[in-house]
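> The following file, structure.cif, comprises mmCIF, N, CA and C atoms:
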```cif
data_coords
#
loop_
_atom_site.label_atom_id
_atom_site.label_comp_id
_atom_site.auth_asym_id
_atom_site.auth_seq_id
_atom_site.Cartn_x
_atom_site.Cartn_y
_atom_site.Cartn_z
N MET P 20 50.76 315.01 203.13
CA MET P 20 49.89 316.16 203.02
C MET P 20 48.82 316.04 204.11
N GLN P 21 48.54 317.16 204.74
CA GLN P 21 47.66 317.16 205.91
C GLN P 21 46.19 317.35 205.56
N LYS P 22 45.91 318.31 204.69
CA LYS P 22 44.52 318.63 204.34
C LYS P 22 44.53 319.58 203.15
N ILE P 23 43.35 319.79 202.57
CA ILE P 23 43.22 320.86 201.59
C ILE P 23 43.30 322.16 202.37
N GLU P 24 44.26 322.99 202.04
CA GLU P 24 44.46 324.25 202.75
C GLU P 24 43.55 325.33 202.17
N HIS P 25 43.52 325.41 200.84
CA HIS P 25 42.61 326.35 200.19
C HIS P 25 42.45 325.99 198.72
N ILE P 26 41.42 326.58 198.14
CA ILE P 26 41.20 326.50 196.70
C ILE P 26 41.39 327.91 196.16
N GLY P 27 42.30 328.05 195.20
CA GLY P 27 42.57 329.36 194.61
C GLY P 27 41.71 329.58 193.38
N ILE P 28 41.05 330.74 193.32
CA ILE P 28 40.16 331.07 192.22
C ILE P 28 40.61 332.38 191.58
N ALA P 29 40.91 332.34 190.29
CA ALA P 29 41.32 333.52 189.54
C ALA P 29 40.09 334.37 189.23
N VAL P 30 40.18 335.67 189.52
CA VAL P 30 39.07 336.58 189.27
C VAL P 30 39.58 337.84 188.57
N LYS P 31 38.70 338.47 187.82
CA LYS P 31 39.06 339.71 187.14
C LYS P 31 38.99 340.91 188.08
N ASP P 32 37.99 340.93 188.97
CA ASP P 32 37.75 342.08 189.83
C ASP P 32 37.52 341.59 191.26
N LEU P 33 38.47 341.86 192.13
CA LEU P 33 38.42 341.34 193.50
C LEU P 33 37.21 341.87 194.27
N GLU P 34 36.89 343.14 194.11
CA GLU P 34 35.76 343.71 194.85
C GLU P 34 34.44 343.06 194.43
N VAL P 35 34.23 342.91 193.13
CA VAL P 35 33.01 342.28 192.63
C VAL P 35 32.94 340.83 193.11
N SER P 36 34.06 340.13 193.03
CA SER P 36 34.08 338.73 193.46
C SER P 36 33.92 338.59 194.97
N ASN P 37 34.47 339.52 195.74
CA ASN P 37 34.25 339.50 197.19
C ASN P 37 32.77 339.59 197.52
N GLU P 38 32.06 340.45 196.83
CA GLU P 38 30.61 340.58 197.05
C GLU P 38 29.89 339.28 196.68
N LEU P 39 30.26 338.72 195.54
CA LEU P 39 29.63 337.47 195.08
C LEU P 39 29.85 336.35 196.09
N TYR P 40 31.10 336.15 196.53
CA TYR P 40 31.39 335.05 197.46
C TYR P 40 30.83 335.32 198.85
N ALA P 41 30.75 336.58 199.26
CA ALA P 41 30.12 336.89 200.56
C ALA P 41 28.65 336.46 200.53
N LYS P 42 27.97 336.72 199.43
CA LYS P 42 26.58 336.27 199.29
C LYS P 42 26.49 334.76 199.24
N LEU P 43 27.37 334.14 198.45
CA LEU P 43 27.36 332.68 198.29
C LEU P 43 27.63 331.97 199.61
N LEU P 44 28.63 332.43 200.35
CA LEU P 44 29.06 331.74 201.57
C LEU P 44 28.38 332.25 202.84
N GLY P 45 27.70 333.39 202.72
CA GLY P 45 26.99 333.93 203.88
C GLY P 45 27.92 334.58 204.90
N LYS P 46 29.10 334.99 204.47
CA LYS P 46 30.06 335.66 205.36
C LYS P 46 31.04 336.46 204.52
N SER P 47 31.65 337.45 205.15
CA SER P 47 32.62 338.30 204.46
C SER P 47 34.00 337.67 204.47
N HIS P 48 34.84 338.16 203.56
CA HIS P 48 36.25 337.74 203.56
C HIS P 48 36.88 338.21 204.87
N TYR P 49 37.97 337.56 205.27
CA TYR P 49 38.61 337.97 206.51
C TYR P 49 39.92 338.72 206.31
N LYS P 50 40.41 338.75 205.07
CA LYS P 50 41.62 339.53 204.82
C LYS P 50 41.84 339.71 203.34
N ILE P 51 42.46 340.84 203.00
CA ILE P 51 42.94 341.10 201.65
C ILE P 51 44.44 341.35 201.78
N GLU P 52 45.20 340.79 200.85
CA GLU P 52 46.65 340.89 200.94
C GLU P 52 47.23 340.97 199.53
N GLU P 53 48.28 341.74 199.36
CA GLU P 53 48.97 341.81 198.08
C GLU P 53 50.25 340.99 198.16
N VAL P 54 50.49 340.18 197.13
CA VAL P 54 51.73 339.40 197.02
C VAL P 54 52.48 339.98 195.84
N LEU P 55 53.41 340.86 196.13
CA LEU P 55 54.13 341.59 195.08
C LEU P 55 54.89 340.66 194.16
N SER P 56 55.51 339.61 194.70
CA SER P 56 56.32 338.71 193.87
C SER P 56 55.50 337.99 192.80
N GLU P 57 54.21 337.79 193.06
CA GLU P 57 53.34 337.09 192.11
C GLU P 57 52.45 338.05 191.32
N GLY P 58 52.46 339.32 191.68
CA GLY P 58 51.62 340.29 190.99
C GLY P 58 50.14 340.04 191.19
N VAL P 59 49.75 339.74 192.45
CA VAL P 59 48.34 339.46 192.75
C VAL P 59 47.90 340.13 194.04
N ARG P 60 46.62 340.41 194.09
CA ARG P 60 45.93 340.74 195.35
C ARG P 60 45.06 339.55 195.66
N THR P 61 45.06 339.15 196.92
CA THR P 61 44.29 337.99 197.33
C THR P 61 43.26 338.38 198.38
N SER P 62 42.21 337.62 198.43
CA SER P 62 41.17 337.78 199.45
C SER P 62 40.82 336.38 199.93
N PHE P 63 40.71 336.21 201.25
CA PHE P 63 40.46 334.90 201.82
C PHE P 63 39.11 334.82 202.52
N PHE P 64 38.44 333.70 202.30
CA PHE P 64 37.19 333.36 202.98
C PHE P 64 37.42 332.04 203.72
N GLU P 65 36.94 331.94 204.94
CA GLU P 65 36.97 330.66 205.65
C GLU P 65 35.70 329.90 205.35
N VAL P 66 35.86 328.61 205.07
CA VAL P 66 34.74 327.72 204.80
C VAL P 66 35.00 326.45 205.60
N GLY P 67 34.44 326.36 206.80
CA GLY P 67 34.76 325.24 207.68
C GLY P 67 36.25 325.24 207.96
N PRO P 68 36.91 324.08 207.83
CA PRO P 68 38.35 324.03 208.10
C PRO P 68 39.21 324.47 206.91
N ASN P 69 38.58 324.83 205.81
CA ASN P 69 39.30 325.19 204.58
C ASN P 69 39.10 326.65 204.25
N LYS P 70 39.79 327.08 203.21
CA LYS P 70 39.69 328.47 202.77
C LYS P 70 39.51 328.54 201.26
N ILE P 71 38.92 329.64 200.83
CA ILE P 71 38.84 330.01 199.43
C ILE P 71 39.73 331.24 199.29
N GLU P 72 40.63 331.22 198.31
CA GLU P 72 41.49 332.36 198.03
C GLU P 72 41.11 332.91 196.66
N LEU P 73 40.65 334.14 196.62
CA LEU P 73 40.39 334.81 195.35
C LEU P 73 41.67 335.54 194.96
N LEU P 74 42.03 335.45 193.67
CA LEU P 74 43.27 336.06 193.19
C LEU P 74 42.98 336.99 192.03
N GLU P 75 43.39 338.25 192.17
CA GLU P 75 43.24 339.26 191.12
C GLU P 75 44.64 339.72 190.71
N ALA P 76 44.90 339.77 189.41
CA ALA P 76 46.20 340.23 188.90
C ALA P 76 46.37 341.72 189.17
N THR P 77 47.60 342.11 189.51
CA THR P 77 47.90 343.53 189.70
C THR P 77 48.83 344.07 188.61
N ARG P 78 49.26 343.16 187.72
CA ARG P 78 50.10 343.60 186.61
C ARG P 78 49.93 342.63 185.44
N ASP P 79 50.33 343.08 184.26
CA ASP P 79 50.12 342.31 183.03
C ASP P 79 50.92 341.01 182.97
N ASP P 80 52.05 340.93 183.67
CA ASP P 80 52.85 339.70 183.62
C ASP P 80 52.55 338.74 184.77
N SER P 81 51.47 338.97 185.48
CA SER P 81 51.06 338.08 186.57
C SER P 81 50.58 336.74 186.01
N PRO P 82 50.86 335.65 186.71
CA PRO P 82 50.33 334.35 186.28
C PRO P 82 48.79 334.35 186.21
N ILE P 83 48.16 335.18 187.00
CA ILE P 83 46.69 335.25 186.98
C ILE P 83 46.20 335.92 185.70
N THR P 84 46.91 336.94 185.24
CA THR P 84 46.57 337.57 183.96
C THR P 84 46.60 336.54 182.84
N THR P 85 47.68 335.77 182.78
CA THR P 85 47.84 334.74 181.74
C THR P 85 46.74 333.68 181.85
N PHE P 86 46.46 333.25 183.07
CA PHE P 86 45.43 332.22 183.29
C PHE P 86 44.08 332.71 182.79
N ILE P 87 43.67 333.91 183.17
CA ILE P 87 42.36 334.44 182.77
C ILE P 87 42.29 334.64 181.26
N GLU P 88 43.39 335.09 180.65
CA GLU P 88 43.40 335.25 179.19
C GLU P 88 43.18 333.92 178.48
N LYS P 89 43.76 332.84 179.00
CA LYS P 89 43.65 331.52 178.38
C LYS P 89 42.35 330.80 178.73
N LYS P 90 41.94 330.87 179.99
CA LYS P 90 40.85 330.03 180.48
C LYS P 90 39.66 330.78 181.05
N GLY P 91 39.81 332.08 181.28
CA GLY P 91 38.75 332.84 181.93
C GLY P 91 38.82 332.67 183.44
N GLU P 92 37.90 333.31 184.12
CA GLU P 92 37.86 333.21 185.58
C GLU P 92 37.52 331.77 185.99
N GLY P 93 38.03 331.36 187.14
CA GLY P 93 37.70 330.04 187.64
C GLY P 93 38.78 329.47 188.53
N ILE P 94 38.65 328.19 188.83
CA ILE P 94 39.60 327.54 189.74
C ILE P 94 40.99 327.57 189.12
N HIS P 95 41.92 328.11 189.87
CA HIS P 95 43.31 328.27 189.43
C HIS P 95 44.21 327.19 190.01
N HIS P 96 44.05 326.90 191.31
CA HIS P 96 44.91 325.89 191.94
C HIS P 96 44.25 325.27 193.16
N LEU P 97 44.80 324.14 193.55
CA LEU P 97 44.38 323.43 194.75
C LEU P 97 45.60 323.39 195.67
N ALA P 98 45.43 323.89 196.89
CA ALA P 98 46.55 323.98 197.82
C ALA P 98 46.39 322.98 198.97
N PHE P 99 47.50 322.34 199.31
CA PHE P 99 47.52 321.38 200.40
C PHE P 99 48.45 321.87 201.50
N ALA P 100 48.02 321.75 202.74
CA ALA P 100 48.86 322.05 203.88
C ALA P 100 49.85 320.91 204.08
N VAL P 101 51.10 321.26 204.34
CA VAL P 101 52.13 320.27 204.62
C VAL P 101 52.88 320.69 205.88
N GLU P 102 53.41 319.72 206.56
CA GLU P 102 54.18 319.99 207.80
C GLU P 102 55.58 320.48 207.47
N ASP P 103 56.22 319.84 206.49
CA ASP P 103 57.61 320.16 206.12
C ASP P 103 57.68 320.28 204.60
N ILE P 104 57.63 321.50 204.11
CA ILE P 104 57.53 321.74 202.67
C ILE P 104 58.75 321.21 201.91
N LYS P 105 59.93 321.36 202.47
CA LYS P 105 61.14 320.90 201.76
C LYS P 105 61.14 319.39 201.59
N SER P 106 60.76 318.66 202.64
CA SER P 106 60.75 317.20 202.50
C SER P 106 59.62 316.75 201.57
N GLU P 107 58.50 317.47 201.58
CA GLU P 107 57.40 317.13 200.66
C GLU P 107 57.79 317.41 199.22
N MET P 108 58.51 318.50 198.98
CA MET P 108 59.01 318.79 197.64
C MET P 108 59.95 317.69 197.17
N ALA P 109 60.85 317.24 198.04
CA ALA P 109 61.79 316.18 197.69
C ALA P 109 61.04 314.88 197.40
N ARG P 110 60.04 314.56 198.20
CA ARG P 110 59.26 313.35 197.99
C ARG P 110 58.56 313.37 196.64
N LEU P 111 57.94 314.52 196.32
CA LEU P 111 57.22 314.63 195.05
C LEU P 111 58.17 314.54 193.85
N GLU P 112 59.32 315.18 193.96
CA GLU P 112 60.31 315.07 192.86
C GLU P 112 60.74 313.63 192.68
N LYS P 113 60.96 312.92 193.77
CA LYS P 113 61.35 311.51 193.70
C LYS P 113 60.26 310.68 193.03
N GLU P 114 58.99 311.08 193.21
CA GLU P 114 57.85 310.38 192.61
C GLU P 114 57.64 310.76 191.15
N GLY P 115 58.45 311.72 190.64
CA GLY P 115 58.37 312.08 189.23
C GLY P 115 57.60 313.35 188.92
N PHE P 116 57.16 314.08 189.93
CA PHE P 116 56.46 315.34 189.70
C PHE P 116 57.48 316.45 189.41
N VAL P 117 57.09 317.38 188.55
CA VAL P 117 57.94 318.52 188.23
C VAL P 117 57.48 319.69 189.09
N LEU P 118 58.43 320.27 189.81
CA LEU P 118 58.12 321.43 190.65
C LEU P 118 58.44 322.72 189.90
N LEU P 119 57.62 323.72 190.11
CA LEU P 119 57.84 325.02 189.47
C LEU P 119 58.80 325.87 190.29
N ASN P 120 59.09 325.45 191.52
CA ASN P 120 60.00 326.18 192.40
C ASN P 120 61.08 325.21 192.87
N LYS P 121 62.32 325.67 192.90
CA LYS P 121 63.40 324.85 193.44
C LYS P 121 63.44 324.96 194.97
N THR P 122 63.03 326.12 195.48
CA THR P 122 62.97 326.34 196.93
C THR P 122 61.63 326.99 197.26
N PRO P 123 61.15 326.81 198.48
CA PRO P 123 59.90 327.47 198.87
C PRO P 123 60.06 328.98 198.88
N LYS P 124 58.94 329.67 198.63
CA LYS P 124 58.97 331.14 198.68
C LYS P 124 57.82 331.62 199.56
N LEU P 125 57.88 332.87 199.98
CA LEU P 125 56.85 333.43 200.83
C LEU P 125 55.62 333.74 199.98
N GLY P 126 54.49 333.21 200.39
CA GLY P 126 53.23 333.45 199.70
C GLY P 126 52.26 334.21 200.59
N ALA P 127 51.01 334.23 200.20
CA ALA P 127 49.98 334.93 200.96
C ALA P 127 49.67 334.17 202.25
N ASP P 128 49.03 334.84 203.17
CA ASP P 128 48.50 334.26 204.40
C ASP P 128 49.61 333.67 205.26
N ASN P 129 50.81 334.29 205.22
CA ASN P 129 51.97 333.87 206.02
C ASN P 129 52.35 332.40 205.78
N LYS P 130 52.40 332.01 204.51
CA LYS P 130 52.74 330.64 204.16
C LYS P 130 54.02 330.60 203.33
N LEU P 131 54.80 329.55 203.51
CA LEU P 131 55.85 329.20 202.57
C LEU P 131 55.18 328.32 201.53
N VAL P 132 55.43 328.59 200.25
CA VAL P 132 54.71 327.89 199.19
C VAL P 132 55.66 327.39 198.11
N ALA P 133 55.20 326.36 197.41
CA ALA P 133 55.85 325.83 196.22
C ALA P 133 54.76 325.21 195.36
N PHE P 134 54.98 325.18 194.05
CA PHE P 134 53.96 324.70 193.13
C PHE P 134 54.44 323.49 192.34
N VAL P 135 53.50 322.59 192.07
CA VAL P 135 53.73 321.41 191.24
C VAL P 135 53.15 321.70 189.86
N HIS P 136 53.93 321.45 188.82
CA HIS P 136 53.49 321.73 187.45
C HIS P 136 52.23 320.92 187.12
N PRO P 137 51.22 321.58 186.56
CA PRO P 137 49.97 320.87 186.25
C PRO P 137 50.14 319.74 185.23
N LYS P 138 51.12 319.83 184.36
CA LYS P 138 51.31 318.75 183.37
C LYS P 138 51.69 317.43 184.02
N THR P 139 52.23 317.50 185.25
CA THR P 139 52.60 316.26 185.95
C THR P 139 51.61 315.92 187.06
N ALA P 140 50.56 316.73 187.21
CA ALA P 140 49.58 316.51 188.28
C ALA P 140 48.16 316.43 187.71
N GLY P 141 48.02 315.76 186.60
CA GLY P 141 46.70 315.55 186.02
C GLY P 141 45.99 316.81 185.57
N GLY P 142 46.76 317.83 185.18
CA GLY P 142 46.17 319.07 184.69
C GLY P 142 45.81 320.06 185.78
N VAL P 143 46.17 319.76 187.04
CA VAL P 143 45.84 320.65 188.17
C VAL P 143 47.11 321.29 188.70
N LEU P 144 47.10 322.61 188.83
CA LEU P 144 48.20 323.30 189.50
C LEU P 144 48.04 323.05 190.99
N VAL P 145 49.05 322.43 191.59
CA VAL P 145 49.01 322.08 193.02
C VAL P 145 49.98 322.98 193.76
N GLU P 146 49.50 323.55 194.86
CA GLU P 146 50.34 324.39 195.72
C GLU P 146 50.56 323.66 197.04
N LEU P 147 51.79 323.66 197.49
CA LEU P 147 52.12 323.15 198.82
C LEU P 147 52.25 324.36 199.74
N CYS P 148 51.66 324.29 200.93
CA CYS P 148 51.68 325.41 201.87
C CYS P 148 52.14 324.95 203.24
N GLN P 149 53.11 325.65 203.78
CA GLN P 149 53.56 325.39 205.14
C GLN P 149 53.47 326.69 205.92
N GLU P 150 52.96 326.64 207.12
CA GLU P 150 52.91 327.82 207.98
C GLU P 150 54.31 328.37 208.14
N ASN P 151 54.48 329.66 207.92
CA ASN P 151 55.78 330.30 208.08
C ASN P 151 56.01 330.58 209.55
N LYS P 152 56.92 329.86 210.15
CA LYS P 152 57.17 330.00 211.57
C LYS P 152 57.92 331.30 211.90
N ASN P 153 58.56 331.90 210.89
CA ASN P 153 59.23 333.18 211.05
C ASN P 153 58.31 334.27 210.53
N LYS P 154 57.30 334.63 211.31
CA LYS P 154 56.29 335.60 210.87
C LYS P 154 56.92 336.88 210.40
N GLN P 155 56.43 337.34 209.25
CA GLN P 155 56.94 338.56 208.63
C GLN P 155 56.25 339.77 209.21
#
```
Would you mind writing the structure in this file as structure tokens?


Amino acid sequence: MQKIEHIGIAVKDLEVSNELYAKLLGKSHYKIEEVLSEGVRTSFFEVGPNKIELLEATRDDSPITTFIEKKGEGIHHLAFAVEDIKSEMARLEKEGFVLLNKTPKLGADNKLVAFVHPKTAGGVLVELCQENKNKQ
């Protein structure tokens, strides 16, 4: 793993949260993007070499809807940048971690992503992120 790529934060209202984080961080978000496969709208803020990703559900069956219903707004996941997502997934499985994805999928911010089940990662949902070299 190369670095913390971003911290994902589940929010009820993206516009309200964008205003809050713009005040907190002293800068505006740099992009808003919808990820149809996950049922979320995302907003990204740069914070030094890392990013904050705000996630708002766009439908009732979104993982963000479920998360907010159970836990309320707050930190949803911790994402790590990786050079080779497939080999990192294989390494983690060999170490006994349970992956929520069998293969990487296209996520926000032009990344290939895969998730590690929180029950095998100390209660933290971990996302692996690799730059998608085949830009969409």

> May I have the protein, DNA and RNA residues with an atom at most 9 Å from (45.1, 340.1, 185.6), counting only C-alpha atoms in the file's coordinates, returned as a ChimeraX atom specification?

/P:29-32,58-59,74-88

> Mind checking which residues fall within 8 Å of Glu53 (chain P), counting only N, CA and C atoms, ignoring those fewer than 6 positions away in the same chain, and posting them as an mmCIF file with N, CA and C atoms, in the frame of the given file?


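In the end it all went to result-v4.cif:
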```
data_model
loop_
_atom_site.group_PDB
_atom_site.id
_atom_site.type_symbol
_atom_site.label_atom_id
_atom_site.label_comp_id
_atom_site.auth_asym_id
_atom_site.auth_seq_id
_atom_site.Cartn_x
_atom_site.Cartn_y
_atom_site.Cartn_z
ATOM 1 N N VAL P 59 49.750 339.740 192.450
ATOM 2 C CA VAL P 59 48.340 339.460 192.750
ATOM 3 C C VAL P 59 47.900 340.130 194.040
ATOM 4 N N ARG P 60 46.620 340.410 194.090
ATOM 5 C CA ARG P 60 45.930 340.740 195.350
ATOM 6 C C ARG P 60 45.060 339.550 195.660
ATOM 7 N N THR P 61 45.060 339.150 196.920
ATOM 8 C CA THR P 61 44.290 337.990 197.330
ATOM 9 C C THR P 61 43.260 338.380 198.380
ATOM 10 N N SER P 62 42.210 337.620 198.430
ATOM 11 C CA SER P 62 41.170 337.780 199.450
ATOM 12 C C SER P 62 40.820 336.380 199.930
ATOM 13 N N GLY P 126 54.490 333.210 200.390
ATOM 14 C CA GLY P 126 53.230 333.450 199.700
ATOM 15 C C GLY P 126 52.260 334.210 200.590
ATOM 16 N N ALA P 127 51.010 334.230 200.200
ATOM 17 C CA ALA P 127 49.980 334.930 200.960
ATOM 18 C C ALA P 127 49.670 334.170 202.250
ATOM 19 N N ASP P 128 49.030 334.840 203.170
ATOM 20 C CA ASP P 128 48.500 334.260 204.400
ATOM 21 C C ASP P 128 49.610 333.670 205.260
#
```

> List the neighbours of Tyr49 (chain P) out to 6.5 Å using all atoms listed in the file; skip same-chain residues closer than 6 positions along the sequence, and give me the result as a PyMOL selection string.

chain P and resi 62-65

> If you measure from CA of Lys22 (chain P) to CA of His96 (chain P), what distance in Å do you get, rounded to one decimal?

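Atom-to-atom, CA of Lys22 (chain P) and CA of His96 (chain P) are spaced 14.4 Å apart.
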
> Calculate how many Å separate CA of Gly141 (chain P) from CA of Gly91 (chain P), rounding to one decimal.

19.5 Å

> Within 12 Å of (61.8, 331.6, 201.6), only C-alpha atoms: residues as a PDB file with N, CA and C atoms, in the coordinates of the input?


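For reference, out-v1.pdb as written:
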```pdb
ATOM      1  N   SER P  56      55.510 339.610 194.700  1.00  0.00           N
ATOM      2  CA  SER P  56      56.320 338.710 193.870  1.00  0.00           C
ATOM      3  C   SER P  56      55.500 337.990 192.800  1.00  0.00           C
ATOM      4  N   ILE P 104      57.630 321.500 204.110  1.00  0.00           N
ATOM      5  CA  ILE P 104      57.530 321.740 202.670  1.00  0.00           C
ATOM      6  C   ILE P 104      58.750 321.210 201.910  1.00  0.00           C
ATOM      7  N   LYS P 105      59.930 321.360 202.470  1.00  0.00           N
ATOM      8  CA  LYS P 105      61.140 320.900 201.760  1.00  0.00           C
ATOM      9  C   LYS P 105      61.140 319.390 201.590  1.00  0.00           C
ATOM     10  N   ASN P 120      59.090 325.450 191.520  1.00  0.00           N
ATOM     11  CA  ASN P 120      60.000 326.180 192.400  1.00  0.00           C
ATOM     12  C   ASN P 120      61.080 325.210 192.870  1.00  0.00           C
ATOM     13  N   LYS P 121      62.320 325.670 192.900  1.00  0.00           N
ATOM     14  CA  LYS P 121      63.400 324.850 193.440  1.00  0.00           C
ATOM     15  C   LYS P 121      63.440 324.960 194.970  1.00  0.00           C
ATOM     16  N   THR P 122      63.030 326.120 195.480  1.00  0.00           N
ATOM     17  CA  THR P 122      62.970 326.340 196.930  1.00  0.00           C
ATOM     18  C   THR P 122      61.630 326.990 197.260  1.00  0.00           C
ATOM     19  N   PRO P 123      61.150 326.810 198.480  1.00  0.00           N
ATOM     20  CA  PRO P 123      59.900 327.470 198.870  1.00  0.00           C
ATOM     21  C   PRO P 123      60.060 328.980 198.880  1.00  0.00           C
ATOM     22  N   LYS P 124      58.940 329.670 198.630  1.00  0.00           N
ATOM     23  CA  LYS P 124      58.970 331.140 198.680  1.00  0.00           C
ATOM     24  C   LYS P 124      57.820 331.620 199.560  1.00  0.00           C
ATOM     25  N   LEU P 125      57.880 332.870 199.980  1.00  0.00           N
ATOM     26  CA  LEU P 125      56.850 333.430 200.830  1.00  0.00           C
ATOM     27  C   LEU P 125      55.620 333.740 199.980  1.00  0.00           C
ATOM     28  N   GLY P 126      54.490 333.210 200.390  1.00  0.00           N
ATOM     29  CA  GLY P 126      53.230 333.450 199.700  1.00  0.00           C
ATOM     30  C   GLY P 126      52.260 334.210 200.590  1.00  0.00           C
ATOM     31  N   ASN P 129      50.810 334.290 205.220  1.00  0.00           N
ATOM     32  CA  ASN P 129      51.970 333.870 206.020  1.00  0.00           C
ATOM     33  C   ASN P 129      52.350 332.400 205.780  1.00  0.00           C
ATOM     34  N   LYS P 130      52.400 332.010 204.510  1.00  0.00           N
ATOM     35  CA  LYS P 130      52.740 330.640 204.160  1.00  0.00           C
ATOM     36  C   LYS P 130      54.020 330.600 203.330  1.00  0.00           C
ATOM     37  N   LEU P 131      54.800 329.550 203.510  1.00  0.00           N
ATOM     38  CA  LEU P 131      55.850 329.200 202.570  1.00  0.00           C
ATOM     39  C   LEU P 131      55.180 328.320 201.530  1.00  0.00           C
ATOM     40  N   VAL P 132      55.430 328.590 200.250  1.00  0.00           N
ATOM     41  CA  VAL P 132      54.710 327.890 199.190  1.00  0.00           C
ATOM     42  C   VAL P 132      55.660 327.390 198.110  1.00  0.00           C
ATOM     43  N   ALA P 133      55.200 326.360 197.410  1.00  0.00           N
ATOM     44  CA  ALA P 133      55.850 325.830 196.220  1.00  0.00           C
ATOM     45  C   ALA P 133      54.760 325.210 195.360  1.00  0.00           C
ATOM     46  N   CYS P 148      51.660 324.290 200.930  1.00  0.00           N
ATOM     47  CA  CYS P 148      51.680 325.410 201.870  1.00  0.00           C
ATOM     48  C   CYS P 148      52.140 324.950 203.240  1.00  0.00           C
ATOM     49  N   GLN P 149      53.110 325.650 203.780  1.00  0.00           N
ATOM     50  CA  GLN P 149      53.560 325.390 205.140  1.00  0.00           C
ATOM     51  C   GLN P 149      53.470 326.690 205.920  1.00  0.00           C
ATOM     52  N   GLU P 150      52.960 326.640 207.120  1.00  0.00           N
ATOM     53  CA  GLU P 150      52.910 327.820 207.980  1.00  0.00           C
ATOM     54  C   GLU P 150      54.310 328.370 208.140  1.00  0.00           C
ATOM     55  N   ASN P 151      54.480 329.660 207.920  1.00  0.00           N
ATOM     56  CA  ASN P 151      55.780 330.300 208.080  1.00  0.00           C
ATOM     57  C   ASN P 151      56.010 330.580 209.550  1.00  0.00           C
ATOM     58  N   LYS P 152      56.920 329.860 210.150  1.00  0.00           N
ATOM     59  CA  LYS P 152      57.170 330.000 211.570  1.00  0.00           C
ATOM     60  C   LYS P 152      57.920 331.300 211.900  1.00  0.00           C
ATOM     61  N   ASN P 153      58.560 331.900 210.890  1.00  0.00           N
ATOM     62  CA  ASN P 153      59.230 333.180 211.050  1.00  0.00           C
ATOM     63  C   ASN P 153      58.310 334.270 210.530  1.00  0.00           C
ATOM     64  N   LYS P 154      57.300 334.630 211.310  1.00  0.00           N
ATOM     65  CA  LYS P 154      56.290 335.600 210.870  1.00  0.00           C
ATOM     66  C   LYS P 154      56.920 336.880 210.400  1.00  0.00           C
ATOM     67  N   GLN P 155      56.430 337.340 209.250  1.00  0.00           N
ATOM     68  CA  GLN P 155      56.940 338.560 208.630  1.00  0.00           C
ATOM     69  C   GLN P 155      56.250 339.770 209.210  1.00  0.00           C
TER      70      GLN P 155
END
```

> Looking only at the backbone, which of the residues in region 30-150 of chain P does DSSP tag as strand (DSSP E), as a ChimeraX atom specification?

/P:30,50-54,59-66,69-76,93-100,124-125,130-135,145-150

> Ranking P:Ala140, P:Leu147, P:Val54, P:Leu73 by minimum distance to Ala109 (chain P) and counting only C-alpha atoms, which one comes first?

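Residue with the minimum atom-to-atom distance to Ala109 (chain P): P:Leu147.
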
> What separation in Å, quoted to one decimal, exists between atom N of Gly93 (chain P) and CA of Ile28 (chain P)?

5.5 Å

> Could you tell me which of P:Ile71, P:Met20, P:Ile51, P:Ala41 comes closest to Glu102 (chain P) if we count only N, CA and C atoms?

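Going through P:Ile71, P:Met20, P:Ile51, P:Ala41 one by one, the smallest distance to Glu102 (chain P) is for P:Met20.
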
> Name the residues captured by the PyMOL selection byres ((chain P and resi 118) around 6) when it is applied to the shown file; answer as a list in words.

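Selection result, ordered by chain and number: Phe116, Val117, Leu119, Asn120, Lys121, Phe134, Val135 and His136 of chain P.
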
> Between P:His95, P:Lys70, P:Lys90, P:Arg110, which has the minimum distance to Val143 (chain P) (counting only N, CA and C atoms)?

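Result for the nearest residue to Val143 (chain P): P:His95.
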
> Hey, what does DSSP flag as helix (DSSP H, G or I) within region 57-119 of chain P? Can you give it to me as a VMD selection string?

chain P and resid 57 82 to 90 104 to 113

> Nearest residue to Met108 (chain P) out of P:Ile94, P:Val145, P:Ser36, P:Leu55, using only C-alpha atoms?

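Of P:Ile94, P:Val145, P:Ser36, P:Leu55, the one nearest Met108 (chain P) is P:Val145, counting only C-alpha atoms.
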
> Which residues are close to Asn69 (chain P), i.e. within 6.5 Å by all atoms listed in the file, leaving aside same-chain residues fewer than 5 positions away? Reply as a list in words.

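Within the cut-off, the hits are Ile23, Glu24, His25 and Phe64 of chain P.
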